[in-house]
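K.L.:
Here it is, the structure, as structure tokens.
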Amino acid sequence: MLRRDFLVQATGAAAMAELGERLKAQAQQPASGVYIERSLSGQPHKGKVLLALQAHSDDIPLSAAGTVAKLIEEGYTGYLVRATNDDMGDAPGLGTAGTIGENDLRNEQDNEKIARILGCQRTFNLNYSNHRMADVSLNELISRLILIIRLVKADTVVCWDPWAHDEENPDHYMLARGVEAACWMAGRSHDYAEQFAAGLEPHAVADKYYFARRPEVTRVVDISAQIDKKVEANRANSGKGPAGNLGSRLRAELAKKGERLPILGDGDDASADRNYIKEFGMRRSRELGAKYGVEYAEVFHYLPPGSAGAGTDKRVQEYVKQHAAPMK
């Protein structure tokens, strides 16, 4: 079972409260070998920084919105990075694929709404052309991501998995490759040292939540308490995803034939759209929840602190702590 190495020192009531919550959560783990991350009360992650990275405005809403919202509720300061300008993205809310200019503006505006709904402090838009990131210099992308990581002092990232199966979109795997390298290199004093002249410092990322079309599941996050935020983030993503007023449009079409769909309700159009997204757009989250014994879930290939080479020093320090003996 891959779990975050967790060492607690007796530093007061806050630390003991966090330990109690974690031990309680661990006691609820199934015997499946997959760690179930459940909501923690209070803000045990206060002071930490979360960097959620997506190639397009619908990536985080569809795959990780509940987890991002959960971590921010638990104290993280969140930032949302969008790598492309989404100019090739669909715009179902317009009833058409939309022009490139319409897509660009609409998806940029949607991305800002999504960030606010999830609780992110701000967004960073890299503005690469949609579906063209295979042409982007990987070193350029890495250097830009290192700058952001050092600027916000990111502790945790949520992004596409750089080694996942069945990924067909070049924007997804190019961003993921850049993120994985940047998380490590941002902590090195010789990489892009000119950034230190601007007041930045080396800062490596501690842990990573990677999502994918066909993920290697090592961590399941219970997002039952955040499902409404996930629905709302996808509703805000009107230019892409399971939004575009599909619920209210379907209800209007059925009404013309003298029919109704009970799940859409009889309220306003916004309620119909939320109900549509929750029933159809959140089906995978619901199915994953049923599989792992919760109501709604998101799954990740999770890399905890110390899972890469940087963890060697930590293991040595822990070994010394356990085995060091006084000199005779």
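Chain lettering (A, B, ...) mirrors the order of the structure tokens, residue numbering begins at 1 for each chain separately, and ligand numbering begins at 1 in order of display.
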Considering only C-alpha atoms, return as a ChimeraX atom specification whatever protein or nucleic-acid residues lie within 7 Å of region 64-81 of chain A, sequence-local ones (same chain, fewer than 3 positions apart) excluded.

P.N.:
/A:39-40,42-54,60-61,115,118-125,221,223,226-227,229-230,298

K.L.:
Let me see the file: selected residues, C-alpha atoms, as an mmCIF file, in the first residue's frame.

P.N.:
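Output file part18.cif is given in full below:
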data_model
loop_
_atom_site.group_PDB
_atom_site.id
_atom_site.type_symbol
_atom_site.label_atom_id
_atom_site.label_comp_id
_atom_site.auth_asym_id
_atom_site.auth_seq_id
_atom_site.Cartn_x
_atom_site.Cartn_y
_atom_site.Cartn_z
ATOM 1 C CA SER A 39 -12.347 14.362 4.556
ATOM 2 C CA LEU A 40 -10.563 15.755 7.611
ATOM 3 C CA GLY A 42 -10.842 21.640 10.552
ATOM 4 C CA GLN A 43 -7.926 22.818 8.428
ATOM 5 C CA PRO A 44 -5.042 20.409 9.067
ATOM 6 C CA HIS A 45 -3.305 21.495 5.837
ATOM 7 C CA LYS A 46 -3.308 25.201 6.647
ATOM 8 C CA GLY A 47 -0.091 26.784 5.395
ATOM 9 C CA LYS A 48 0.353 24.315 2.507
ATOM 10 C CA VAL A 49 0.034 25.248 -1.174
ATOM 11 C CA LEU A 50 -1.772 23.263 -3.868
ATOM 12 C CA LEU A 51 -1.066 23.650 -7.578
ATOM 13 C CA ALA A 52 -3.791 22.175 -9.802
ATOM 14 C CA LEU A 53 -2.610 21.934 -13.406
ATOM 15 C CA GLN A 54 -4.717 21.223 -16.470
ATOM 16 C CA ILE A 60 -9.701 19.404 -13.470
ATOM 17 C CA PRO A 61 -13.522 19.799 -13.374
ATOM 18 C CA ALA A 115 -11.112 28.630 -10.047
ATOM 19 C CA LEU A 118 -13.085 25.514 -6.188
ATOM 20 C CA GLY A 119 -11.611 28.177 -3.927
ATOM 21 C CA CYS A 120 -8.367 28.876 -5.810
ATOM 22 C CA GLN A 121 -6.579 32.154 -5.118
ATOM 23 C CA ARG A 122 -5.761 32.866 -8.753
ATOM 24 C CA THR A 123 -5.092 31.340 -12.165
ATOM 25 C CA PHE A 124 -2.038 31.131 -14.393
ATOM 26 C CA ASN A 125 -2.669 30.773 -18.153
ATOM 27 C CA VAL A 221 -10.374 10.310 -2.572
ATOM 28 C CA ILE A 223 -15.459 13.492 -2.590
ATOM 29 C CA GLN A 226 -17.609 18.025 -2.366
ATOM 30 C CA ILE A 227 -19.801 16.595 -5.135
ATOM 31 C CA LYS A 229 -18.838 21.851 -5.909
ATOM 32 C CA LYS A 230 -17.728 19.450 -8.612
ATOM 33 C CA GLU A 298 -11.981 10.310 -7.650
#

K.L.:
Applying 10 Å and only C-alpha atoms, which residues near region 233-235 of chain A remain after dropping the ones on its own chain fewer than 6 positions away? List them as a PyMOL selection string.

P.N.:
chain A and resi 57-62+65-66+69+110-111+113-118+227+241-246+270+273-274+276-278+281-282

K.L.:
Among the residues of region 128-286 of chain A, find those DSSP assigns to strand (DSSP E or B) from the backbone and print them as a VMD selection string.

P.N.:
chain A and resid 128 156 to 160 165 207 to 211 214 219 to 222

K.L.:
Can those selected residues be exported to a file as a PDB file, in the first residue's frame so that it contains C-alpha atoms?

P.N.:
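Listing of part-v4.pdb after writing:
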ATOM      1  CA  TYR A 128      -0.229  27.488 -25.704  1.00  0.00           C
ATOM      2  CA  THR A 156       1.318  19.394  -3.718  1.00  0.00           C
ATOM      3  CA  VAL A 157       0.329  19.116  -7.384  1.00  0.00           C
ATOM      4  CA  VAL A 158      -2.735  17.648  -9.078  1.00  0.00           C
ATOM      5  CA  CYS A 159      -2.253  16.904 -12.775  1.00  0.00           C
ATOM      6  CA  TRP A 160      -2.389  14.354 -15.580  1.00  0.00           C
ATOM      7  CA  HIS A 165      -2.056   4.371 -20.593  1.00  0.00           C
ATOM      8  CA  ASP A 207       3.489  14.938  -3.204  1.00  0.00           C
ATOM      9  CA  LYS A 208       1.554  14.432  -6.412  1.00  0.00           C
ATOM     10  CA  TYR A 209      -1.973  13.366  -7.310  1.00  0.00           C
ATOM     11  CA  TYR A 210      -1.912  12.107 -10.922  1.00  0.00           C
ATOM     12  CA  PHE A 211      -5.184  11.378 -12.764  1.00  0.00           C
ATOM     13  CA  ARG A 214      -6.892   4.549 -17.308  1.00  0.00           C
ATOM     14  CA  ARG A 219      -5.304   6.443  -3.812  1.00  0.00           C
ATOM     15  CA  VAL A 220      -9.065   6.967  -3.792  1.00  0.00           C
ATOM     16  CA  VAL A 221     -10.374  10.310  -2.572  1.00  0.00           C
ATOM     17  CA  ASP A 222     -13.858  10.371  -1.075  1.00  0.00           C
TER      18      ASP A 222
END

K.L.:
Using Å and a single decimal, report how far CA of Pro304 (chain A) sits from CA of Gly187 (chain A).

P.N.:
16.1 Å

K.L.:
Would you mind listing what lies within 9 Å of Pro202 (chain A) as a ChimeraX atom specification, with only C-alpha atoms counted and same-chain residues fewer than 4 positions away left out?

P.N.:
/A:150,153,185-189,191,193,196

K.L.:
Write out as CSV a residue-level contact list of region 264-307 of chain A versus region 315-326 of chain A with cut-off 12 Å: for each qualifying residue the closest pair of atoms and the distance in Å to one decimal, counting only C-alpha atoms, rows sorted by chain and residue number upward.

P.N.:
residue,atom,partner,partner_atom,distance
A:Pro305,CA,A:Arg315,CA,10.9
A:Gly306,CA,A:Arg315,CA,8.0
A:Ser307,CA,A:Arg315,CA,10.5

K.L.:
For a test of reading the model, state the distance in Å between CA of Ser63 (chain A) and CA of Leu105 (chain A), rounded to one decimal.

P.N.:
22.7 Å

K.L.:
From a backbone DSSP assignment, name each residue in region 41-177 of chain A labelled alpha helix (DSSP H), as a JSON list (two decimals) with N, CA and C atoms, in the first residue's frame.

P.N.:
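That gives us part-v3.json:
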[["chain", "number", "residue", "atom", "x", "y", "z"],
["A", 59, "ASP", "N", -10.34, 19.70, -17.71],
["A", 59, "ASP", "CA", -9.58, 18.57, -17.18],
["A", 59, "ASP", "C", -9.77, 18.41, -15.67],
["A", 60, "ILE", "N", -9.51, 19.46, -14.92],
["A", 60, "ILE", "CA", -9.70, 19.40, -13.47],
["A", 60, "ILE", "C", -11.17, 19.23, -13.12],
["A", 61, "PRO", "N", -12.11, 20.00, -13.72],
["A", 61, "PRO", "CA", -13.52, 19.80, -13.37],
["A", 61, "PRO", "C", -13.99, 18.36, -13.52],
["A", 62, "LEU", "N", -13.59, 17.68, -14.58],
["A", 62, "LEU", "CA", -14.06, 16.32, -14.81],
["A", 62, "LEU", "C", -13.33, 15.28, -13.96],
["A", 63, "SER", "N", -12.03, 15.46, -13.75],
["A", 63, "SER", "CA", -11.23, 14.40, -13.14],
["A", 63, "SER", "C", -10.82, 14.63, -11.70],
["A", 65, "ALA", "N", -11.92, 17.81, -9.60],
["A", 65, "ALA", "CA", -12.49, 18.99, -8.95],
["A", 65, "ALA", "C", -12.83, 18.73, -7.49],
["A", 66, "GLY", "N", -13.36, 17.55, -7.19],
["A", 66, "GLY", "CA", -13.72, 17.22, -5.82],
["A", 66, "GLY", "C", -12.50, 17.19, -4.91],
["A", 67, "THR", "N", -11.41, 16.63, -5.41],
["A", 67, "THR", "CA", -10.19, 16.54, -4.61],
["A", 67, "THR", "C", -9.57, 17.91, -4.39],
["A", 68, "VAL", "N", -9.54, 18.74, -5.44],
["A", 68, "VAL", "CA", -9.01, 20.10, -5.29],
["A", 68, "VAL", "C", -9.84, 20.87, -4.26],
["A", 69, "ALA", "N", -11.17, 20.79, -4.38],
["A", 69, "ALA", "CA", -12.05, 21.49, -3.43],
["A", 69, "ALA", "C", -11.83, 20.96, -2.01],
["A", 70, "LYS", "N", -11.70, 19.65, -1.86],
["A", 70, "LYS", "CA", -11.49, 19.04, -0.54],
["A", 70, "LYS", "C", -10.21, 19.55, 0.11],
["A", 71, "LEU", "N", -9.10, 19.53, -0.64],
["A", 71, "LEU", "CA", -7.82, 19.95, -0.07],
["A", 71, "LEU", "C", -7.83, 21.43, 0.30],
["A", 72, "ILE", "N", -8.49, 22.24, -0.51],
["A", 72, "ILE", "CA", -8.58, 23.67, -0.19],
["A", 72, "ILE", "C", -9.45, 23.88, 1.05],
["A", 73, "GLU", "N", -10.54, 23.13, 1.16],
["A", 73, "GLU", "CA", -11.37, 23.21, 2.37],
["A", 73, "GLU", "C", -10.58, 22.82, 3.61],
["A", 100, "ILE", "N", -12.87, 29.72, -33.45],
["A", 100, "ILE", "CA", -11.68, 29.67, -32.59],
["A", 100, "ILE", "C", -11.68, 30.84, -31.62],
["A", 101, "GLY", "N", -12.05, 32.02, -32.09],
["A", 101, "GLY", "CA", -12.10, 33.18, -31.21],
["A", 101, "GLY", "C", -13.13, 33.04, -30.12],
["A", 102, "GLU", "N", -14.32, 32.51, -30.45],
["A", 102, "GLU", "CA", -15.36, 32.30, -29.45],
["A", 102, "GLU", "C", -14.92, 31.30, -28.40],
["A", 103, "ASN", "N", -14.27, 30.22, -28.87],
["A", 103, "ASN", "CA", -13.80, 29.20, -27.93],
["A", 103, "ASN", "C", -12.77, 29.77, -26.97],
["A", 104, "ASP", "N", -11.83, 30.53, -27.51],
["A", 104, "ASP", "CA", -10.75, 31.10, -26.71],
["A", 104, "ASP", "C", -11.32, 31.95, -25.57],
["A", 105, "LEU", "N", -12.19, 32.90, -25.91],
["A", 105, "LEU", "CA", -12.75, 33.80, -24.90],
["A", 105, "LEU", "C", -13.64, 33.06, -23.91],
["A", 106, "ARG", "N", -14.53, 32.22, -24.44],
["A", 106, "ARG", "CA", -15.49, 31.54, -23.57],
["A", 106, "ARG", "C", -14.79, 30.64, -22.56],
["A", 107, "ASN", "N", -13.80, 29.89, -23.02],
["A", 107, "ASN", "CA", -13.12, 28.96, -22.12],
["A", 107, "ASN", "C", -12.23, 29.68, -21.13],
["A", 108, "GLU", "N", -11.67, 30.82, -21.51],
["A", 108, "GLU", "CA", -10.90, 31.61, -20.55],
["A", 108, "GLU", "C", -11.80, 32.12, -19.42],
["A", 109, "GLN", "N", -12.97, 32.61, -19.80],
["A", 109, "GLN", "CA", -13.92, 33.09, -18.80],
["A", 109, "GLN", "C", -14.41, 31.95, -17.92],
["A", 110, "ASP", "N", -14.70, 30.81, -18.52],
["A", 110, "ASP", "CA", -15.13, 29.64, -17.74],
["A", 110, "ASP", "C", -14.06, 29.23, -16.74],
["A", 111, "ASN", "N", -12.79, 29.25, -17.17],
["A", 111, "ASN", "CA", -11.69, 28.83, -16.31],
["A", 111, "ASN", "C", -11.60, 29.69, -15.06],
["A", 112, "GLU", "N", -11.86, 30.98, -15.20],
["A", 112, "GLU", "CA", -11.84, 31.88, -14.05],
["A", 112, "GLU", "C", -12.98, 31.54, -13.08],
["A", 113, "LYS", "N", -14.14, 31.21, -13.62],
["A", 113, "LYS", "CA", -15.27, 30.83, -12.77],
["A", 113, "LYS", "C", -14.97, 29.55, -12.02],
["A", 114, "ILE", "N", -14.37, 28.59, -12.70],
["A", 114, "ILE", "CA", -14.04, 27.31, -12.08],
["A", 114, "ILE", "C", -13.09, 27.51, -10.91],
["A", 115, "ALA", "N", -12.08, 28.36, -11.12],
["A", 115, "ALA", "CA", -11.11, 28.63, -10.05],
["A", 115, "ALA", "C", -11.81, 29.20, -8.81],
["A", 116, "ARG", "N", -12.74, 30.12, -9.02],
["A", 116, "ARG", "CA", -13.45, 30.73, -7.89],
["A", 116, "ARG", "C", -14.32, 29.70, -7.17],
["A", 117, "ILE", "N", -15.01, 28.85, -7.92],
["A", 117, "ILE", "CA", -15.88, 27.85, -7.31],
["A", 117, "ILE", "C", -15.08, 26.88, -6.45],
["A", 118, "LEU", "N", -13.91, 26.47, -6.92],
["A", 118, "LEU", "CA", -13.08, 25.51, -6.19],
["A", 118, "LEU", "C", -12.33, 26.15, -5.03],
["A", 138, "LEU", "N", 9.99, 21.23, -24.56],
["A", 138, "LEU", "CA", 9.77, 20.69, -23.23],
["A", 138, "LEU", "C", 10.57, 21.47, -22.18],
["A", 139, "ASN", "N", 11.79, 21.88, -22.55],
["A", 139, "ASN", "CA", 12.59, 22.65, -21.60],
["A", 139, "ASN", "C", 11.95, 24.01, -21.31],
["A", 140, "GLU", "N", 11.35, 24.63, -22.31],
["A", 140, "GLU", "CA", 10.66, 25.90, -22.07],
["A", 140, "GLU", "C", 9.50, 25.70, -21.11],
["A", 141, "LEU", "N", 8.71, 24.64, -21.35],
["A", 141, "LEU", "CA", 7.56, 24.35, -20.49],
["A", 141, "LEU", "C", 8.03, 24.08, -19.06],
["A", 142, "ILE", "N", 9.08, 23.28, -18.92],
["A", 142, "ILE", "CA", 9.61, 22.96, -17.58],
["A", 142, "ILE", "C", 10.03, 24.23, -16.86],
["A", 143, "SER", "N", 10.73, 25.12, -17.55],
["A", 143, "SER", "CA", 11.23, 26.33, -16.90],
["A", 143, "SER", "C", 10.08, 27.23, -16.45],
["A", 144, "ARG", "N", 9.01, 27.30, -17.25],
["A", 144, "ARG", "CA", 7.86, 28.11, -16.84],
["A", 144, "ARG", "C", 7.17, 27.51, -15.61],
["A", 145, "LEU", "N", 7.07, 26.19, -15.59],
["A", 145, "LEU", "CA", 6.43, 25.53, -14.45],
["A", 145, "LEU", "C", 7.29, 25.64, -13.19],
["A", 146, "ILE", "N", 8.61, 25.55, -13.35],
["A", 146, "ILE", "CA", 9.50, 25.72, -12.20],
["A", 146, "ILE", "C", 9.31, 27.11, -11.60],
["A", 147, "LEU", "N", 9.19, 28.12, -12.46],
["A", 147, "LEU", "CA", 8.98, 29.48, -11.98],
["A", 147, "LEU", "C", 7.72, 29.58, -11.13],
["A", 148, "ILE", "N", 6.63, 28.96, -11.60],
["A", 148, "ILE", "CA", 5.37, 29.01, -10.85],
["A", 148, "ILE", "C", 5.49, 28.25, -9.54],
["A", 149, "ILE", "N", 6.10, 27.06, -9.58],
["A", 149, "ILE", "CA", 6.27, 26.25, -8.36],
["A", 149, "ILE", "C", 7.04, 27.03, -7.31],
["A", 150, "ARG", "N", 8.14, 27.66, -7.73],
["A", 150, "ARG", "CA", 8.95, 28.43, -6.78],
["A", 150, "ARG", "C", 8.22, 29.68, -6.31],
["A", 151, "LEU", "N", 7.46, 30.30, -7.20],
["A", 151, "LEU", "CA", 6.75, 31.53, -6.85],
["A", 151, "LEU", "C", 5.71, 31.30, -5.77],
["A", 152, "VAL", "N", 4.89, 30.24, -5.94],
["A", 152, "VAL", "CA", 3.81, 29.99, -4.97],
["A", 152, "VAL", "C", 4.25, 29.05, -3.86],
["A", 170, "PRO", "N", -2.10, 15.15, -27.04],
["A", 170, "PRO", "CA", -0.71, 15.57, -26.80],
["A", 170, "PRO", "C", -0.59, 16.64, -25.72],
["A", 171, "ASP", "N", -1.62, 17.49, -25.58],
["A", 171, "ASP", "CA", -1.56, 18.52, -24.54],
["A", 171, "ASP", "C", -1.50, 17.89, -23.15],
["A", 172, "HIS", "N", -2.21, 16.79, -22.96],
["A", 172, "HIS", "CA", -2.25, 16.14, -21.66],
["A", 172, "HIS", "C", -0.88, 15.58, -21.28],
["A", 173, "TYR", "N", -0.28, 14.79, -22.20],
["A", 173, "TYR", "CA", 0.97, 14.14, -21.80],
["A", 173, "TYR", "C", 2.16, 15.09, -21.85],
["A", 174, "MET", "N", 2.10, 16.13, -22.66],
["A", 174, "MET", "CA", 3.19, 17.11, -22.65],
["A", 174, "MET", "C", 3.19, 17.91, -21.35],
["A", 175, "LEU", "N", 2.02, 18.36, -20.91],
["A", 175, "LEU", "CA", 1.94, 19.07, -19.64],
["A", 175, "LEU", "C", 2.39, 18.16, -18.50],
["A", 176, "ALA", "N", 1.94, 16.92, -18.51],
["A", 176, "ALA", "CA", 2.28, 15.99, -17.43],
["A", 176, "ALA", "C", 3.79, 15.75, -17.36],
["A", 177, "ARG", "N", 4.42, 15.58, -18.50],
["A", 177, "ARG", "CA", 5.88, 15.39, -18.51],
["A", 177, "ARG", "C", 6.60, 16.61, -17.96]]

K.L.:
May I ask which of the residues A:Leu254, A:Val217, A:Ala204, A:Pro262 is the closest one to Tyr302 (chain A), counting only C-alpha atoms?

P.N.:
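Nearest candidate to Tyr302 (chain A) out of A:Leu254, A:Val217, A:Ala204, A:Pro262: A:Val217.
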